[in-house]
Every structure is written in C-alpha cells, then in structure tokens.
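K.L.:
Starting off with a structure, shown below.
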Amino acid sequence: SVTDINQVDIIADFSPAEDTIGLTEGQDATNVILTTATLGGFSGTLIQFAAPPPANAQDPAQPPFLLGFVANASPGDVASRIVTITDFV
C-alpha cells in the first residue's frame, strides 16, 4: 500500500463479470473503503484500508493506506468482486 494517490497501482482493464481483486493477510471486503475518485483523467474506484494494515496497526495516526485504483469501475462493481486469498505463496 501507499499513502500518495499518485503512486497507487492502477487496474486499467477490470471487468466485473470476469475479474476479482484478492486481499491477503486475513483481510476481506470489510477491511477496505471504496470511494469514487478521478486519477489520471479517469473516473473509477479508489481502494484503501479502512484502518491501518496489520503491519502498521501500532500507529493508527498514519495517513490512509491506498491499495489501488480501478479505472472505469464504480464502487459497486468492485465491492462484489473482492475476495480473501488464503494460502497465498
């Protein structure tokens, strides 16, 4: 994750009918906030942790941790496609 929106990873070809977004380290859809945003001239959905990720939990005063930006997708499109990945190697 990053704290600067200009450094966030961009998912440019997301298809809600085909794609999923996987979260690791026991995180699930309840651990993220999805907001409408504009980045690089594209509308889409910004994904960020609702609270500091586990590695930074000791410092809740940290800025928002941004996970990614999904271009041309609404928060509703993204919300239904977030999955928890277990046994990620």
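Chain labels follow the order of the structure tokens: the first chain is A, the next B, and so on; residue numbering restarts at 1 in every chain, and ligands are counted from 1 in their shown order.
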Find the spatial neighbours of Ser74 of chain A, counting only C-alpha atoms, within a cut-off of 12 Å - ignore same-chain residues fewer than 5 positions away - and output them as a PyMOL selection string.
P.N.:
chain A and resi 14-16+34-38+42-47+69+79-81
K.L.:
Give me the residues within 8 Å of segment 6-11 of chain A as a list in words, counting only C-alpha atoms and dropping any in the same chain fewer than 4 places off.
P.N.:
Ser1, Val2, Leu39, Leu66, Leu67, Gly68, Phe69, Val70 and Ala71 of chain A
K.L.:
Would you list the contacts of Gly22 of chain A as a VMD selection string, taking every protein, DNA or RNA residue within 6 Å and counting only C-alpha atoms, but skipping same-chain residues closer than 2 positions in sequence?
P.N.:
chain A and resid 82 to 85
